[in-house]
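Worksheet for the structure shown next.
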Amino acid sequence: MTKPARRLIQNLMKHLRNRIVLIVCFLASLSIAEGLASTVKQLNITARLHRDGTASIEERWLIDLDDSDAKTEWYVAHKGLKGMVIENLTVEGYVPDQEGLVRFETLDEWDVDADREDKAGKCGLNNNGQEVCWGFGDYGEHEYVVRYDLRHLVKSYDTCDGFNHCFVDMDCRIENASVTIMGDDGILLSEANTRRWAFGYEGRIEFEGNSIVAKPNETIGNGKRMIIMLEMDKGMFAPDTEGGEPWADKKQRALDGSDYTDNDDSLEDWGFWDWAGLIGVLIGGAILYFCTDLVVDFAFWLIGLLLVGLWWVVSLAPLRKYNRRKKLGIVKGYYYRDIKTDWTLVKNKMVIDDLSYVSGISKENLIGALLLRLMSKGDITIVREKYKRKDRDMIRIVNPIQSIPAVPPGDDRLCYHALKLLTLAAGDDLILQPDEFAKWCKQKGNLSELKNFVNALETKKNKQYIEQNAADLYGLKAFLEDFSLIGERRMMEVALWDQYLVYAAFFGIADKVRAEMGKICPDYLKMSKLIQSLDVAQESNIVYSFSSSIYMSSTSAIQRAADRSRSSSGFSSFSSSGGGGGFSGGGGGGGR
């Protein structure tokens, strides 16, 4: 068989093989021990690149240290430094019986065998300067800020300056990780002067201003790492170290086996037997696919669900979550009737996501709540008009905007984000017709607006906010779920009840709450602009339909744009799970 035909067979077999690999990786990553061991809740690394090639590194760790580990210190190994040197180490973090982040004592020599009490409040380098170590002092969830200089990270090559470095490669589970790289001393990184690649994880690597931010969409550790390769124009840096090999060789070694490399043969080189082989493979593959695909799909998802359920129970995750919720005051029978002024939908989504047993709040529910808030303010309304000879539900923009006013961050600003997007997509008639938003998303010049909106739906985990609001937020959810059962008969305020309905959409129970409101106070249905707008729609779940369309169209457009730019040129916004060979740094770490 010819080479192109053989390669095609290999590609067709990926469909089945990838599923098998996924199951194996799933089993490996969800071990019982992992559910009991220490976990890194968050790791944010910032690297500032100086003109001489030195990088000033800041690592912010949020670690949940489990006493079952019986460990005394935390360490991060850099076994492949390749001429680089770690200097000026400092650590700030938790010290028993002291408040806030305390500056640790940096020791000249680190004693791995010292006990936990002796290591508390101390840090140092071990293994000939290749391991950063500090004592964690006590068990529980603690924050640590680690800073050091990494000399000779950026090296000089024949055609550019650059590096291929592993920033994260731990033996433990890291739930949320990110790496931010920026220039210092007036160095501005941009698409014009810097090419970027990321390996070892599935996620994104993209420019945010003059910084490059790499962020996985999965947990990291236990075999998954974050390797970043940057290629920068000559003249931006004056590195004091030579790379020692042509950059093209180093780059190719990293790209080999990655998703960036296109290994397909050109169709122009195909002959008769290549095409004959292709046709035969397609026919055979089609027969095999249609005979087995449904069975494989069913078995794959059934096994996956069983594994998730088994791990969820055996890891004691439900019990841990239950105890945490109880500690925060989330108890059955507690009702909360107000909407706090400092609440935001995005932050409250973060609370529910963090404390849910199975799944949190969907982005569709979040966007649906925003749409209801815009309706209650009178900025948009639902209309029913003819479209392709049929009456269809559409959104009419009542108060269009082309730019976002200078308002404080929060729900108002997020609503303006959504209103601006709807205004731009609706066009001159200000009526958002079916599929009009999806068509607008496909236009190349609108990508920036979409990314701004999708990014606005995200927020970092805020432990203090969770502790202060979790009980009341879950109390509001319980209040709305039992709205008609708890004898709520106080004076009806339309604005407050509109807010109730906004949060009902947020929790995914809007239809139920709306019906109960009608039973308790029929006058509300007549007085509320929000209800009057919803009554126009014929489709019962019209808000979810709108929100789902908006979210799916936005994310699909961003994904398509990234896929178009994915190549070995270094302009892709996505990482590669494979490749990255020849990197420096890495080597594992965790508690010991």
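Letters A, B, ... go to the chains of the structure tokens in the order shown; residues in each chain start at 1; ligands are counted from 1 in the same order.
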(message) Please list as a list in words every residue within 7 Å of Leu355 of chain A, counting only C-alpha atoms and excluding residues in the same chain fewer than 3 positions away.
(response)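 Those residues are Lys321, Arg325, Val351 and Ile352 of chain A.
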(message) Just want the 8 Å neighbourhood of Ala47 of chain A, counted on only C-alpha atoms, with same-chain residues fewer than 4 positions away dropped. Output as a VMD selection string.
(response) chain A and resid 55 to 58 179 to 182
Please produce a file of those selected residues containing all heavy atoms, as a CSV table (one decimal), in the first residue's frame.
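The new file again.csv reads:
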```csv
chain,number,residue,atom,x,y,z
A,55,ALA,N,14.8,36.1,33.7
A,55,ALA,CA,13.4,36.2,34.0
A,55,ALA,C,13.2,36.3,35.5
A,55,ALA,O,13.7,35.5,36.2
A,55,ALA,CB,12.7,35.0,33.4
A,56,SER,N,12.4,37.3,35.9
A,56,SER,CA,12.0,37.5,37.3
A,56,SER,C,10.7,36.7,37.4
A,56,SER,O,9.7,37.1,36.8
A,56,SER,CB,11.8,38.9,37.7
A,56,SER,OG,13.1,39.6,37.7
A,57,ILE,N,10.7,35.6,38.2
A,57,ILE,CA,9.5,34.7,38.3
A,57,ILE,C,8.8,35.0,39.6
A,57,ILE,O,9.4,35.1,40.6
A,57,ILE,CB,10.0,33.3,38.2
A,57,ILE,CG1,10.9,33.0,37.0
A,57,ILE,CG2,8.8,32.4,38.3
A,57,ILE,CD1,10.2,33.1,35.7
A,58,GLU,N,7.5,35.1,39.5
A,58,GLU,CA,6.6,35.1,40.7
A,58,GLU,C,5.6,34.0,40.5
A,58,GLU,O,4.9,33.9,39.5
A,58,GLU,CB,5.9,36.5,40.8
A,58,GLU,CG,5.0,36.5,42.0
A,58,GLU,CD,4.2,37.8,42.1
A,58,GLU,OE1,4.7,38.8,42.7
A,58,GLU,OE2,3.0,37.8,41.6
A,179,VAL,N,0.1,30.8,33.1
A,179,VAL,CA,1.5,31.3,33.0
A,179,VAL,C,1.4,32.6,32.2
A,179,VAL,O,0.8,32.6,31.1
A,179,VAL,CB,2.5,30.3,32.3
A,179,VAL,CG1,3.8,31.0,32.1
A,179,VAL,CG2,2.6,29.1,33.1
A,180,THR,N,1.9,33.7,32.7
A,180,THR,CA,1.8,35.0,32.1
A,180,THR,C,3.3,35.4,31.8
A,180,THR,O,4.1,35.4,32.8
A,180,THR,CB,1.1,36.0,32.9
A,180,THR,OG1,-0.2,35.6,33.1
A,180,THR,CG2,1.1,37.4,32.2
A,181,ILE,N,3.6,35.8,30.6
A,181,ILE,CA,5.0,36.2,30.2
A,181,ILE,C,4.9,37.6,29.7
A,181,ILE,O,4.0,37.9,28.8
A,181,ILE,CB,5.6,35.3,29.2
A,181,ILE,CG1,5.6,33.9,29.8
A,181,ILE,CG2,7.0,35.8,28.8
A,181,ILE,CD1,6.1,32.8,28.7
A,182,MET,N,5.7,38.5,30.2
A,182,MET,CA,5.7,39.9,29.8
A,182,MET,C,7.1,40.4,29.7
A,182,MET,O,8.0,39.9,30.4
A,182,MET,CB,4.9,40.8,30.7
A,182,MET,CG,5.4,40.8,32.2
A,182,MET,SD,4.2,41.7,33.3
A,182,MET,CE,2.8,40.6,33.3
```
(message) Give me the residues near Lys444 of chain A as a list in words, where near means some atom within 10 Å (using only C-alpha atoms) and where sequence neighbours in that chain fewer than 6 positions away do not count.
(response) Ala557, Ile558 and Ala561 of chain A
Can you spit out the residues from that selection as a compact mmCIF listing (two decimals), in the first residue's frame, using all heavy atoms?
```txt
# COMPACT_ATOMS: atom_id res chain seq x y z
N ALA A 557 -17.34 30.90 17.05
CA ALA A 557 -16.60 31.84 16.21
C ALA A 557 -15.16 31.99 16.70
O ALA A 557 -14.22 32.04 15.90
CB ALA A 557 -17.30 33.19 16.21
N ILE A 558 -14.99 32.05 18.01
CA ILE A 558 -13.64 32.16 18.57
C ILE A 558 -12.84 30.90 18.26
O ILE A 558 -11.66 30.96 17.89
CB ILE A 558 -13.72 32.40 20.09
CG1 ILE A 558 -14.35 33.77 20.37
CG2 ILE A 558 -12.33 32.33 20.73
CD1 ILE A 558 -14.64 34.02 21.83
N ALA A 561 -11.84 30.83 14.54
CA ALA A 561 -10.75 31.76 14.26
C ALA A 561 -9.43 31.20 14.74
O ALA A 561 -8.40 31.33 14.06
CB ALA A 561 -11.03 33.10 14.93
```
(request) Check the smallest atom-to-atom distance from each of A:Glu493, A:Glu436, A:Asp354, A:Glu516 to Ile466 of chain A using only C-alpha atoms, then report the winner. (result)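 The closest residue to Ile466 of chain A is A:Asp354.
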(request) Could you please determine the separation between atom CA of Gln559 of chain A and atom CA of Gly582 of chain A in Å, to one decimal place? (result)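 Atom CA of Gly582 of chain A lies at a distance of 28.9 Å from atom CA of Gln559 of chain A.
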(request) Go through A:Ser577, A:Met517, A:Gly329, A:Gly53 and flag the residue nearest Glu218 of chain A, using only C-alpha atoms for the distances. (result) A:Ser577
(message) as JSON, numbers by chain, please: every residue in segment 8-256 of chain A that DSSP puts in strand (DSSP E).
(response) {"A": [39, 40, 41, 42, 43, 44, 45, 46, 47, 48, 49, 55, 56, 57, 58, 59, 60, 61, 62, 63, 64, 65, 73, 74, 75, 76, 77, 85, 86, 87, 88, 89, 90, 91, 92, 93, 102, 103, 105, 106, 122, 123, 124, 125, 126, 131, 132, 133, 134, 135, 140, 141, 142, 143, 144, 145, 146, 147, 148, 149, 150, 151, 155, 156, 161, 162, 163, 164, 165, 166, 167, 168, 173, 174, 175, 176, 177, 178, 179, 180, 181, 182, 183, 194, 195, 196, 197, 198, 199, 203, 204, 205, 206, 207, 208, 211, 212, 213, 214, 215, 216, 226, 227, 228, 229, 230, 231, 232]}
Include C-alpha atoms and write out the residues we just selected as a short mmCIF file (atom, residue, chain, number, x, y, z; two decimals), in the first residue's frame.
```cif
data_model
loop_
_atom_site.label_atom_id
_atom_site.label_comp_id
_atom_site.auth_asym_id
_atom_site.auth_seq_id
_atom_site.Cartn_x
_atom_site.Cartn_y
_atom_site.Cartn_z
CA THR A 39 -4.08 19.48 45.80
CA VAL A 40 -2.95 22.75 44.26
CA LYS A 41 -6.13 24.77 43.99
CA GLN A 42 -4.48 27.54 41.98
CA LEU A 43 -1.06 28.30 40.52
CA ASN A 44 -0.43 31.59 38.73
CA ILE A 45 3.07 32.14 37.36
CA THR A 46 4.28 35.49 36.04
CA ALA A 47 7.63 35.78 34.22
CA ARG A 48 9.09 39.24 33.52
CA LEU A 49 11.77 39.06 30.83
CA ALA A 55 13.41 36.22 33.96
CA SER A 56 11.99 37.46 37.26
CA ILE A 57 9.55 34.74 38.28
CA GLU A 58 6.62 35.12 40.65
CA GLU A 59 4.61 32.01 41.54
CA ARG A 60 1.38 32.35 43.51
CA TRP A 61 0.34 29.04 45.03
CA LEU A 62 -2.94 28.13 46.75
CA ILE A 63 -2.37 24.65 48.16
CA ASP A 64 -4.76 22.41 50.08
CA LEU A 65 -2.38 20.31 52.17
CA GLU A 73 7.71 20.68 52.87
CA TRP A 74 6.75 21.72 49.37
CA TYR A 75 9.32 21.58 46.58
CA VAL A 76 9.47 22.45 42.88
CA ALA A 77 12.16 20.71 40.84
CA VAL A 85 20.64 29.54 37.47
CA ILE A 86 18.05 30.24 40.18
CA GLU A 87 18.96 33.28 42.33
CA ASN A 88 17.45 35.68 44.88
CA LEU A 89 14.83 33.26 46.21
CA THR A 90 12.17 34.69 48.52
CA VAL A 91 8.96 33.15 49.83
CA GLU A 92 6.00 34.72 51.59
CA GLY A 93 3.26 32.57 52.98
CA VAL A 102 4.82 36.26 56.30
CA ARG A 103 8.27 36.70 54.75
CA GLU A 105 13.78 33.07 56.18
CA THR A 106 15.92 32.02 53.19
CA LYS A 122 11.82 28.89 56.01
CA CYS A 123 12.79 28.36 52.37
CA GLY A 124 15.88 27.48 50.37
CA LEU A 125 17.40 25.74 47.37
CA ASN A 126 18.23 22.04 47.30
CA GLU A 131 14.89 22.58 43.68
CA VAL A 132 12.95 25.45 45.26
CA CYS A 133 11.79 24.33 48.71
CA TRP A 134 9.78 25.79 51.56
CA GLY A 135 8.11 24.51 54.71
CA GLY A 140 -5.04 22.97 55.40
CA GLU A 141 -5.49 25.48 52.58
CA HIS A 142 -2.70 28.08 52.49
CA GLU A 143 -1.31 30.66 50.08
CA TYR A 144 2.38 31.09 49.21
CA VAL A 145 4.12 33.65 46.99
CA VAL A 146 7.47 32.46 45.60
CA ARG A 147 9.83 34.85 43.81
CA TYR A 148 13.23 34.24 42.22
CA ASP A 149 15.36 35.23 39.25
CA LEU A 150 15.96 32.66 36.52
CA ARG A 151 19.21 33.66 34.83
CA LYS A 155 19.18 32.82 24.88
CA SER A 156 20.64 34.17 21.67
CA ASP A 161 16.27 35.17 20.65
CA GLY A 162 14.06 32.74 22.49
CA PHE A 163 13.48 29.79 24.78
CA ASN A 164 11.56 26.52 25.10
CA HIS A 165 10.90 26.13 28.81
CA CYS A 166 8.70 23.93 31.02
CA PHE A 167 7.06 26.19 33.62
CA VAL A 168 4.77 23.58 35.23
CA ARG A 173 -3.03 17.72 40.74
CA ILE A 174 -3.31 21.43 39.86
CA GLU A 175 -6.93 22.51 39.45
CA ASN A 176 -6.31 25.98 37.95
CA ALA A 177 -3.04 27.10 36.40
CA SER A 178 -1.83 29.96 34.26
CA VAL A 179 1.48 31.32 33.00
CA THR A 180 1.85 34.99 32.07
CA ILE A 181 4.95 36.22 30.25
CA MET A 182 5.72 39.91 29.78
CA GLY A 183 8.65 42.11 28.96
CA THR A 194 7.01 37.43 19.01
CA ARG A 195 5.87 33.95 17.92
CA ARG A 196 4.42 31.62 20.55
CA TRP A 197 3.75 27.91 21.02
CA ALA A 198 2.57 25.87 24.00
CA PHE A 199 2.89 22.13 24.57
CA GLY A 203 -5.91 25.01 26.30
CA ARG A 204 -4.93 28.43 25.04
CA ILE A 205 -1.90 30.67 24.67
CA GLU A 206 -2.68 34.16 23.45
CA PHE A 207 -1.79 37.81 23.75
CA GLU A 208 -3.53 39.96 26.35
CA SER A 211 1.54 39.91 27.81
CA ILE A 212 1.33 36.32 26.65
CA VAL A 213 -1.06 34.26 28.77
CA ALA A 214 -1.15 30.46 28.71
CA LYS A 215 -4.10 28.79 30.37
CA PRO A 216 -5.20 25.13 30.27
CA MET A 226 2.95 23.52 30.58
CA ILE A 227 5.81 24.06 28.14
CA ILE A 228 6.07 27.43 26.40
CA MET A 229 8.29 28.29 23.46
CA LEU A 230 8.81 31.91 22.38
CA GLU A 231 10.67 33.15 19.32
CA MET A 232 11.46 36.88 19.49
#
```
(message) DSSP on the backbone: which residues in segment 289-417 of chain A end up as alpha helix (DSSP H)? Give the answer as a PyMOL selection string.
(response) chain A and resi 289-314+317-327+345-355+363-376+411-417
Write a file of the just-selected residues containing C-alpha atoms, as an mmCIF file, in the first residue's frame.
```
data_model
loop_
_atom_site.group_PDB
_atom_site.id
_atom_site.type_symbol
_atom_site.label_atom_id
_atom_site.label_comp_id
_atom_site.auth_asym_id
_atom_site.auth_seq_id
_atom_site.Cartn_x
_atom_site.Cartn_y
_atom_site.Cartn_z
ATOM 1 C CA TYR A 289 -17.870 3.202 11.009
ATOM 2 C CA PHE A 290 -21.624 2.831 10.529
ATOM 3 C CA CYS A 291 -21.620 -0.731 11.878
ATOM 4 C CA THR A 292 -19.689 -0.032 15.050
ATOM 5 C CA ASP A 293 -19.890 3.655 15.846
ATOM 6 C CA LEU A 294 -23.168 3.612 17.760
ATOM 7 C CA VAL A 295 -22.052 0.656 19.855
ATOM 8 C CA VAL A 296 -18.660 2.234 20.572
ATOM 9 C CA ASP A 297 -20.254 5.571 21.455
ATOM 10 C CA PHE A 298 -22.679 3.975 23.888
ATOM 11 C CA ALA A 299 -20.006 1.817 25.536
ATOM 12 C CA PHE A 300 -17.568 4.710 25.772
ATOM 13 C CA TRP A 301 -19.962 7.085 27.500
ATOM 14 C CA LEU A 302 -21.379 4.363 29.735
ATOM 15 C CA ILE A 303 -17.899 3.426 30.944
ATOM 16 C CA GLY A 304 -17.038 7.093 31.373
ATOM 17 C CA LEU A 305 -20.117 7.754 33.509
ATOM 18 C CA LEU A 306 -19.454 4.686 35.623
ATOM 19 C CA LEU A 307 -15.849 5.736 36.198
ATOM 20 C CA VAL A 308 -16.847 9.280 37.119
ATOM 21 C CA GLY A 309 -19.470 8.001 39.549
ATOM 22 C CA LEU A 310 -17.064 5.506 41.098
ATOM 23 C CA TRP A 311 -14.286 8.059 41.544
ATOM 24 C CA TRP A 312 -16.731 10.652 42.870
ATOM 25 C CA VAL A 313 -17.827 8.304 45.665
ATOM 26 C CA VAL A 314 -14.519 6.594 46.486
ATOM 27 C CA ALA A 317 -15.553 14.216 47.310
ATOM 28 C CA PRO A 318 -19.257 14.353 48.293
ATOM 29 C CA LEU A 319 -18.415 14.133 52.002
ATOM 30 C CA ARG A 320 -15.752 16.814 51.716
ATOM 31 C CA LYS A 321 -18.106 19.073 49.824
ATOM 32 C CA TYR A 322 -20.879 18.449 52.358
ATOM 33 C CA ASN A 323 -18.648 19.339 55.311
ATOM 34 C CA ARG A 324 -17.424 22.479 53.579
ATOM 35 C CA ARG A 325 -20.947 23.616 52.749
ATOM 36 C CA LYS A 326 -22.050 22.981 56.322
ATOM 37 C CA LYS A 327 -19.093 24.977 57.628
ATOM 38 C CA LEU A 345 -23.833 37.233 38.577
ATOM 39 C CA VAL A 346 -20.309 36.285 37.522
ATOM 40 C CA LYS A 347 -19.004 36.113 41.097
ATOM 41 C CA ASN A 348 -22.076 34.213 42.226
ATOM 42 C CA LYS A 349 -21.517 31.735 39.410
ATOM 43 C CA MET A 350 -18.013 31.257 40.817
ATOM 44 C CA VAL A 351 -19.548 30.486 44.249
ATOM 45 C CA ILE A 352 -22.026 27.912 42.930
ATOM 46 C CA ASP A 353 -19.426 26.294 40.666
ATOM 47 C CA ASP A 354 -17.039 25.909 43.603
ATOM 48 C CA LEU A 355 -19.597 24.376 45.972
ATOM 49 C CA LYS A 363 -22.833 30.055 30.799
ATOM 50 C CA GLU A 364 -26.215 29.862 29.066
ATOM 51 C CA ASN A 365 -27.993 30.443 32.386
ATOM 52 C CA LEU A 366 -25.679 33.356 33.136
ATOM 53 C CA ILE A 367 -26.394 34.986 29.775
ATOM 54 C CA GLY A 368 -30.113 34.281 30.208
ATOM 55 C CA ALA A 369 -30.061 36.171 33.512
ATOM 56 C CA LEU A 370 -28.348 39.094 31.757
ATOM 57 C CA LEU A 371 -31.063 39.139 29.081
ATOM 58 C CA LEU A 372 -33.775 39.258 31.737
ATOM 59 C CA ARG A 373 -32.000 42.105 33.491
ATOM 60 C CA LEU A 374 -31.842 44.019 30.205
ATOM 61 C CA MET A 375 -35.572 43.396 29.708
ATOM 62 C CA SER A 376 -36.400 44.589 33.222
ATOM 63 C CA ASP A 411 -23.528 43.409 36.504
ATOM 64 C CA ASP A 412 -24.156 46.835 34.947
ATOM 65 C CA ARG A 413 -20.941 46.657 32.962
ATOM 66 C CA LEU A 414 -21.626 43.062 31.955
ATOM 67 C CA CYS A 415 -25.120 44.049 30.807
ATOM 68 C CA TYR A 416 -23.580 46.800 28.675
ATOM 69 C CA HIS A 417 -21.236 44.208 27.163
#
```
(message) Could you check the closest approach to Leu447 of chain A for each of A:Glu481, A:Asn210, A:Asp435, A:Ser554 and tell me which residue wins, using only C-alpha atoms?
(response) A:Ser554
(message) Between atom CA of Val407 of chain A and atom CA of Ala425 of chain A, what distance in Å does the model show, to one decimal?
(response) 22.6 Å
(message) Rounded to one decimal, what separation in Å do you get between atom CA of Gly137 of chain A and atom CA of Arg225 of chain A?
(response) 27.0 Å
